[in-house]
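First the structure, in the form of structure tokens, and then the observations on it.
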Amino acid sequence: MTSRAEKRNLIVVASVASFLVPYTVSSIAVALPAIGEDLGLDAVSMGWVTSAYLLTAAICILPFGKLADIHGRKRLFLLGNILFTAGSLFAALAWSGPVLIAARVVQGLGGSLVFATSIAIVTAVFSPGERGRAIGIITATIYAGLSIGPFLGGILTQHLGWPSIFLVNVPIGILVTLATAARIPGEWADEGSRGFDARGALLYGFALIGVLYGLTLLPATGAFLWLAAGFLFLYWFVRWERLHPAPMLDLGLFRNNTVFLFSNIASLINYAVVFAVSFLMSLYLQFNRGFDPQTAGIVLVSMPVVQMVVSPLSGHFSDSIEPRVLATAGMACTTAGLGMMALVSGTTPLSFILAGLVVLGLGYGLFAPPNTNAIMSSVEVRDLGVASAMVSTMRAIGQMVSMAIAMMVFSIILGSKTISPLVYPELQQAITLAFSLFFLIGLVGIWCSYARGRARST
């Protein structure tokens, strides 16, 4: 039995760790020009400063979730904080592009361990009646990190330089590591978990590399070769997992569990349509409207403020209200917000833009905690680590898909042109098209969220 104080300590530690990781992911976007100038990076290399983390996380989260089930979730959560903190220090001291990219890979490994274990630990410790509220708090900190990152990153980069984005993680990461070791009892390993499926993990990794890297290359011809290779490895992965006695991913979770299947698909779609919003609106506000970075950040912060308020509430109510209802309402709000953003032009009143961002924040906050609660409550205790890892894997894959769609649209409309006043009309076309595509994908997300059926409590 875990005491109330121990539960409180767990929420604090998990929340801080869950904020630091996505904060670093999103804050890098505003610092890339300064990083490129300081380290002499071209556009492709600057892209890999972001993509190296996302790709590492997408590949590693699921295998790490299985390892956590076998060897203990606290142990791997602790290791994740150590690696992420070390990677942050490594990145702050980076003297070249390759060194920084390598540091981002280390951060990706650490972040994967944190996200593969944090929600699983919370689910194991909190009873079904209080689980939704706890997940809502964790989710709120994740979204706060993702959305506030560009604003905080812009301030730090402007006043202290880009290494400060990474340096602020170091003392906080050390405190989280020490608090975890000293204040969080228990290990939460599943005694019924069997061996680790190394071959399955490799096939899974190769499949994701092919598919996700291929998406970043679209619409170039080489992209289709990478995508074909990725889907071929995915086919081999599925065949292997169906025959393995102790698979890394129990495909029966998807085949025999409609709630788990459609909740994960809805989660992937949600991240795929929302993650690029800050990126697109930052470009729109700074180039098409002439806002400075700090003013643009103030406008964009309206979305995370709403998310942070709504997420704990929707998580709390998902313990008593069917999660499908709340999550579907959230997905509908998100899609409506994307439709509003698709209507934005160079003369759109700022009040309309703020209203669209508020609707997006409301939808984002309404959707995620109930959806996560539905996923975690739809599996047995022995599968909590894998389920938690799937939540984070869908997030990482969705983030990469979101950026891939945005960059594909930019590549088609802008090509290799440098952004200047001469191409602002084309930039507006690209932003409008991207939001229109996200709106259409969001409609599919509404259906997936509703089609999951009723979630069962465990």
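Here, A, B, ... name the chains of the structure tokens in the order displayed, residue numbers run from 1 inside each chain, and ligands are numbered from 1 in the same displayed order.
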
Which residues are near region 273-282 of chain A? Cut-off 6 Å, only C-alpha atoms, ignore same chain within fewer than 2 positions. Put them as a JSON list (two decimals) with N, CA and C atoms, in the first residue's frame.
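Final file, result-v7.json:
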[["chain", "number", "residue", "atom", "x", "y", "z"],
["A", 270, "ASN", "N", -3.99, 12.72, -32.98],
["A", 270, "ASN", "CA", -4.02, 13.97, -32.22],
["A", 270, "ASN", "C", -2.67, 14.68, -32.25],
["A", 271, "TYR", "N", -1.60, 13.93, -32.00],
["A", 271, "TYR", "CA", -0.27, 14.54, -32.03],
["A", 271, "TYR", "C", 0.12, 14.93, -33.45],
["A", 284, "TYR", "N", 4.20, 32.16, -39.11],
["A", 284, "TYR", "CA", 3.16, 33.10, -39.56],
["A", 284, "TYR", "C", 3.26, 34.42, -38.81],
["A", 285, "LEU", "N", 3.35, 34.35, -37.49],
["A", 285, "LEU", "CA", 3.35, 35.56, -36.68],
["A", 285, "LEU", "C", 4.61, 36.39, -36.90],
["A", 399, "GLN", "N", 4.45, 13.25, -33.46],
["A", 399, "GLN", "CA", 5.23, 14.48, -33.59],
["A", 399, "GLN", "C", 6.04, 14.47, -34.89],
["A", 402, "SER", "N", 3.70, 14.88, -37.84],
["A", 402, "SER", "CA", 3.23, 16.26, -37.93],
["A", 402, "SER", "C", 4.25, 17.15, -38.63],
["A", 403, "MET", "N", 5.51, 17.05, -38.20],
["A", 403, "MET", "CA", 6.56, 17.86, -38.82],
["A", 403, "MET", "C", 6.81, 17.41, -40.26],
["A", 438, "PHE", "N", -4.34, 19.02, -41.83],
["A", 438, "PHE", "CA", -4.51, 18.62, -40.44],
["A", 438, "PHE", "C", -5.99, 18.56, -40.07]]

Region 200-209 of chain A surroundings by only C-alpha atoms, 8 Å radius, close-in-sequence under 6 positions cut, as JSON, numbers by chain: {"A": [55, 58, 59, 60, 63, 229, 230, 231, 232, 233, 234, 236, 237, 240, 241, 247, 248]}

Save out the residues we just selected, N, CA and C atoms, as a short mmCIF file (atom, residue, chain, number, x, y, z; two decimals), in the first residue's frame.
data_model
loop_
_atom_site.label_atom_id
_atom_site.label_comp_id
_atom_site.auth_asym_id
_atom_site.auth_seq_id
_atom_site.Cartn_x
_atom_site.Cartn_y
_atom_site.Cartn_z
N LEU A 55 13.49 10.65 -33.44
CA LEU A 55 13.65 9.32 -34.01
C LEU A 55 14.14 8.33 -32.96
N ALA A 58 11.17 7.57 -30.65
CA ALA A 58 10.16 6.72 -31.28
C ALA A 58 10.61 5.27 -31.34
N ILE A 59 11.90 5.04 -31.58
CA ILE A 59 12.43 3.68 -31.70
C ILE A 59 12.53 3.00 -30.33
N CYS A 60 12.92 3.76 -29.31
CA CYS A 60 13.32 3.13 -28.04
C CYS A 60 12.21 3.03 -26.99
N PRO A 63 10.50 -0.71 -26.69
CA PRO A 63 11.38 -1.73 -26.08
C PRO A 63 11.71 -1.42 -24.62
N ALA A 229 11.18 0.01 -47.58
CA ALA A 229 12.00 -0.79 -46.67
C ALA A 229 11.40 -0.82 -45.27
N GLY A 230 10.91 0.34 -44.83
CA GLY A 230 10.30 0.41 -43.50
C GLY A 230 9.08 -0.48 -43.37
N PHE A 231 8.22 -0.47 -44.36
CA PHE A 231 7.01 -1.30 -44.31
C PHE A 231 7.35 -2.79 -44.45
N LEU A 232 8.44 -3.10 -45.17
CA LEU A 232 8.89 -4.49 -45.26
C LEU A 232 9.34 -5.00 -43.90
N PHE A 233 10.14 -4.19 -43.19
CA PHE A 233 10.56 -4.57 -41.84
C PHE A 233 9.36 -4.64 -40.90
N LEU A 234 8.38 -3.77 -41.10
CA LEU A 234 7.17 -3.81 -40.28
C LEU A 234 6.42 -5.12 -40.48
N TRP A 236 7.81 -8.00 -41.39
CA TRP A 236 8.61 -9.03 -40.71
C TRP A 236 8.42 -8.95 -39.20
N PHE A 237 8.33 -7.73 -38.69
CA PHE A 237 8.14 -7.55 -37.25
C PHE A 237 6.82 -8.18 -36.80
N TRP A 240 7.03 -11.98 -36.88
CA TRP A 240 7.87 -12.49 -35.79
C TRP A 240 7.14 -12.41 -34.45
N GLU A 241 6.48 -11.28 -34.20
CA GLU A 241 5.80 -11.10 -32.92
C GLU A 241 4.65 -12.08 -32.75
N PRO A 247 6.64 -11.98 -26.88
CA PRO A 247 6.89 -10.87 -27.81
C PRO A 247 7.11 -9.54 -27.11
N MET A 248 7.87 -8.66 -27.78
CA MET A 248 8.06 -7.32 -27.24
C MET A 248 6.73 -6.58 -27.18
#

d(CA of Ser45 (chain A), CA of Ser96 (chain A)) in Å: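 CA of Ser96 (chain A) lies 10.8 Å from CA of Ser45 (chain A).
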
For Gly173 (chain A): contacts at 12 Å, only C-alpha atoms, fewer than 5 positions along chain excluded, given as a PyMOL selection string: chain A and resi 13-14+16-21+77-89+107+110-111+114+166-168+178-180

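The closest residue to Gly453 (chain A), picked from A:Gly297, A:Pro323, A:Pro421, A:Gly356 and counting only C-alpha atoms, is A:Pro323.
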
At most 9 Å is the cut-off: for each residue in region 198-282 of chain A with any atom that close to an atom of region 408-415 of chain A, write down the nearest atom pair and the distance in Å rounded to one decimal, counting only C-alpha atoms, chain first then increasing number, as JSON lines.
{"residue": "A:Leu215", "atom": "CA", "partner": "A:Met408", "partner_atom": "CA", "distance": 8.3}
{"residue": "A:Thr216", "atom": "CA", "partner": "A:Met408", "partner_atom": "CA", "distance": 7.5}
{"residue": "A:Leu217", "atom": "CA", "partner": "A:Met408", "partner_atom": "CA", "distance": 7.8}
{"residue": "A:Leu218", "atom": "CA", "partner": "A:Met408", "partner_atom": "CA", "distance": 5.7}
{"residue": "A:Pro219", "atom": "CA", "partner": "A:Met408", "partner_atom": "CA", "distance": 6.4}

Could you write out the selected residues, including N, CA and C atoms, as an mmCIF file, in the first residue's frame?
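So out.cif came out as:
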data_model
loop_
_atom_site.group_PDB
_atom_site.id
_atom_site.type_symbol
_atom_site.label_atom_id
_atom_site.label_comp_id
_atom_site.auth_asym_id
_atom_site.auth_seq_id
_atom_site.Cartn_x
_atom_site.Cartn_y
_atom_site.Cartn_z
ATOM 1 N N LEU A 215 9.364 9.538 -44.392
ATOM 2 C CA LEU A 215 8.404 10.637 -44.341
ATOM 3 C C LEU A 215 9.097 11.992 -44.377
ATOM 4 N N THR A 216 10.261 12.093 -43.717
ATOM 5 C CA THR A 216 10.971 13.376 -43.706
ATOM 6 C C THR A 216 11.538 13.726 -45.074
ATOM 7 N N LEU A 217 11.704 12.737 -45.968
ATOM 8 C CA LEU A 217 12.275 12.981 -47.294
ATOM 9 C C LEU A 217 11.225 13.314 -48.347
ATOM 10 N N LEU A 218 9.942 13.068 -48.058
ATOM 11 C CA LEU A 218 8.892 13.346 -49.039
ATOM 12 C C LEU A 218 8.928 14.804 -49.482
ATOM 13 N N PRO A 219 8.654 15.079 -50.792
ATOM 14 C CA PRO A 219 8.200 14.163 -51.848
ATOM 15 C C PRO A 219 9.331 13.648 -52.746
#

Set the distance at 10 Å and use only C-alpha atoms: which residues neighbour Met303 (chain A) once local chain neighbours fewer than 2 positions away are removed? I'd like the list as a CSV table (one decimal) with N, CA and C atoms, in the first residue's frame.
chain,number,residue,atom,x,y,z
A,143,TYR,N,2.1,18.6,-21.8
A,143,TYR,CA,1.7,19.5,-22.8
A,143,TYR,C,2.2,20.9,-22.4
A,144,ALA,N,2.4,21.2,-21.2
A,144,ALA,CA,3.0,22.5,-20.8
A,144,ALA,C,4.4,22.6,-21.3
A,147,SER,N,4.4,23.0,-25.2
A,147,SER,CA,3.8,24.3,-25.8
A,147,SER,C,4.5,25.5,-25.2
A,148,ILE,N,5.0,25.5,-24.0
A,148,ILE,CA,5.7,26.7,-23.4
A,148,ILE,C,7.1,26.7,-23.9
A,277,VAL,N,1.5,22.9,-34.8
A,277,VAL,CA,0.8,24.2,-34.7
A,277,VAL,C,1.8,25.3,-34.3
A,278,SER,N,2.5,25.1,-33.2
A,278,SER,CA,3.4,26.2,-32.7
A,278,SER,C,4.5,26.5,-33.8
A,299,VAL,N,1.6,35.3,-27.8
A,299,VAL,CA,0.4,34.9,-28.4
A,299,VAL,C,0.3,33.4,-28.4
A,300,LEU,N,1.3,32.7,-28.6
A,300,LEU,CA,1.3,31.2,-28.7
A,300,LEU,C,1.0,30.6,-27.3
A,301,VAL,N,1.4,31.3,-26.2
A,301,VAL,CA,1.2,30.7,-24.9
A,301,VAL,C,-0.2,30.6,-24.5
A,305,VAL,N,-1.8,27.6,-21.9
A,305,VAL,CA,-2.4,28.0,-20.6
A,305,VAL,C,-3.8,27.3,-20.5
A,306,VAL,N,-4.5,27.2,-21.6
A,306,VAL,CA,-5.8,26.5,-21.6
A,306,VAL,C,-5.6,25.0,-21.3
A,307,GLN,N,-4.6,24.5,-22.0
A,307,GLN,CA,-4.3,23.0,-21.8
A,307,GLN,C,-4.0,22.7,-20.3
A,308,MET,N,-3.2,23.5,-19.7
A,308,MET,CA,-2.8,23.3,-18.3
A,308,MET,C,-4.0,23.3,-17.4
A,354,LEU,N,-6.3,34.2,-31.6
A,354,LEU,CA,-6.3,33.9,-30.2
A,354,LEU,C,-7.4,32.9,-29.9
A,355,ALA,N,-8.6,33.2,-30.5
A,355,ALA,CA,-9.7,32.3,-30.2
A,355,ALA,C,-9.5,30.9,-30.8
A,356,GLY,N,-8.8,30.8,-32.0
A,356,GLY,CA,-8.5,29.5,-32.5
A,356,GLY,C,-7.5,28.8,-31.7
A,357,LEU,N,-6.5,29.5,-31.1
A,357,LEU,CA,-5.5,28.8,-30.2
A,357,LEU,C,-6.2,28.4,-28.9
A,358,VAL,N,-7.1,29.1,-28.4
A,358,VAL,CA,-7.8,28.7,-27.2
A,358,VAL,C,-8.7,27.5,-27.5
A,359,VAL,N,-9.3,27.4,-28.6
A,359,VAL,CA,-10.1,26.2,-29.0
A,359,VAL,C,-9.2,25.0,-29.1
A,360,LEU,N,-8.0,25.2,-29.7
A,360,LEU,CA,-7.1,24.1,-29.8
A,360,LEU,C,-6.6,23.7,-28.4
A,361,GLY,N,-6.3,24.6,-27.6
A,361,GLY,CA,-5.9,24.2,-26.2
A,361,GLY,C,-7.0,23.5,-25.5
A,362,LEU,N,-8.2,23.9,-25.6
A,362,LEU,CA,-9.3,23.2,-25.0
A,362,LEU,C,-9.4,21.8,-25.5
A,363,GLY,N,-9.4,21.6,-26.8
A,363,GLY,CA,-9.4,20.3,-27.4
A,363,GLY,C,-8.3,19.4,-27.0
A,364,TYR,N,-7.1,20.0,-27.0
A,364,TYR,CA,-5.9,19.2,-26.6
A,364,TYR,C,-6.0,18.8,-25.1
A,365,GLY,N,-6.5,19.7,-24.3
A,365,GLY,CA,-6.6,19.3,-22.8
A,365,GLY,C,-7.7,18.4,-22.6

Spatial neighbours of Thr393 (chain A), 12 Å, only C-alpha atoms, chain gap at least 2 places, as a ChimeraX atom specification: /A:54-65,111-117,204-205,208,264-265,267-268,271,385-391,395-400

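Considering the residues A:Arg289, A:Phe196, A:Ile446, A:Leu93 and counting only C-alpha atoms, Val325 (chain A) has its shortest atom-to-atom contact with A:Ile446.
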
Best match for closeness to Met341 (chain A) among A:Ile298, A:Ile321, A:Ile269, A:Ile431, counting only C-alpha atoms: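 That would be A:Ile431, the residue with the smallest distance to Met341 (chain A).
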
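In terms of minimum interatomic distance to Val105 (chain A), A:Trp48 ranks closest within A:Arg8, A:Ala266, A:Ala220, A:Trp48, counting only C-alpha atoms.
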
Pairwise distance for CA of Asp197 (chain A) and CA of Asp250 (chain A), rounded to one decimal in Å: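 Interatomic distance here is 11.0 Å.
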
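The gap separating CA of Leu175 (chain A) from CA of Thr141 (chain A) is 17.3 Å, in Å to one decimal.
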
Residues flagged helix (DSSP H, G or I) by DSSP in region 76-203 of chain A, as a VMD selection string: chain A and resid 76 to 92 97 to 125 128 to 160 163 to 167 169 to 183 198 to 203

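Excluding Leu156 (chain A) and any residue on its chain fewer than 6 positions from it, the residues at most 12 Å away by only C-alpha atoms are Thr24, Ser27, Ile28, Val30, Ala31, Ala34, Gly149, Pro150, Trp162, Pro163, Ser164, Ile165, Phe166, Leu167, Val168, Pro293 and Gln294 of chain A.
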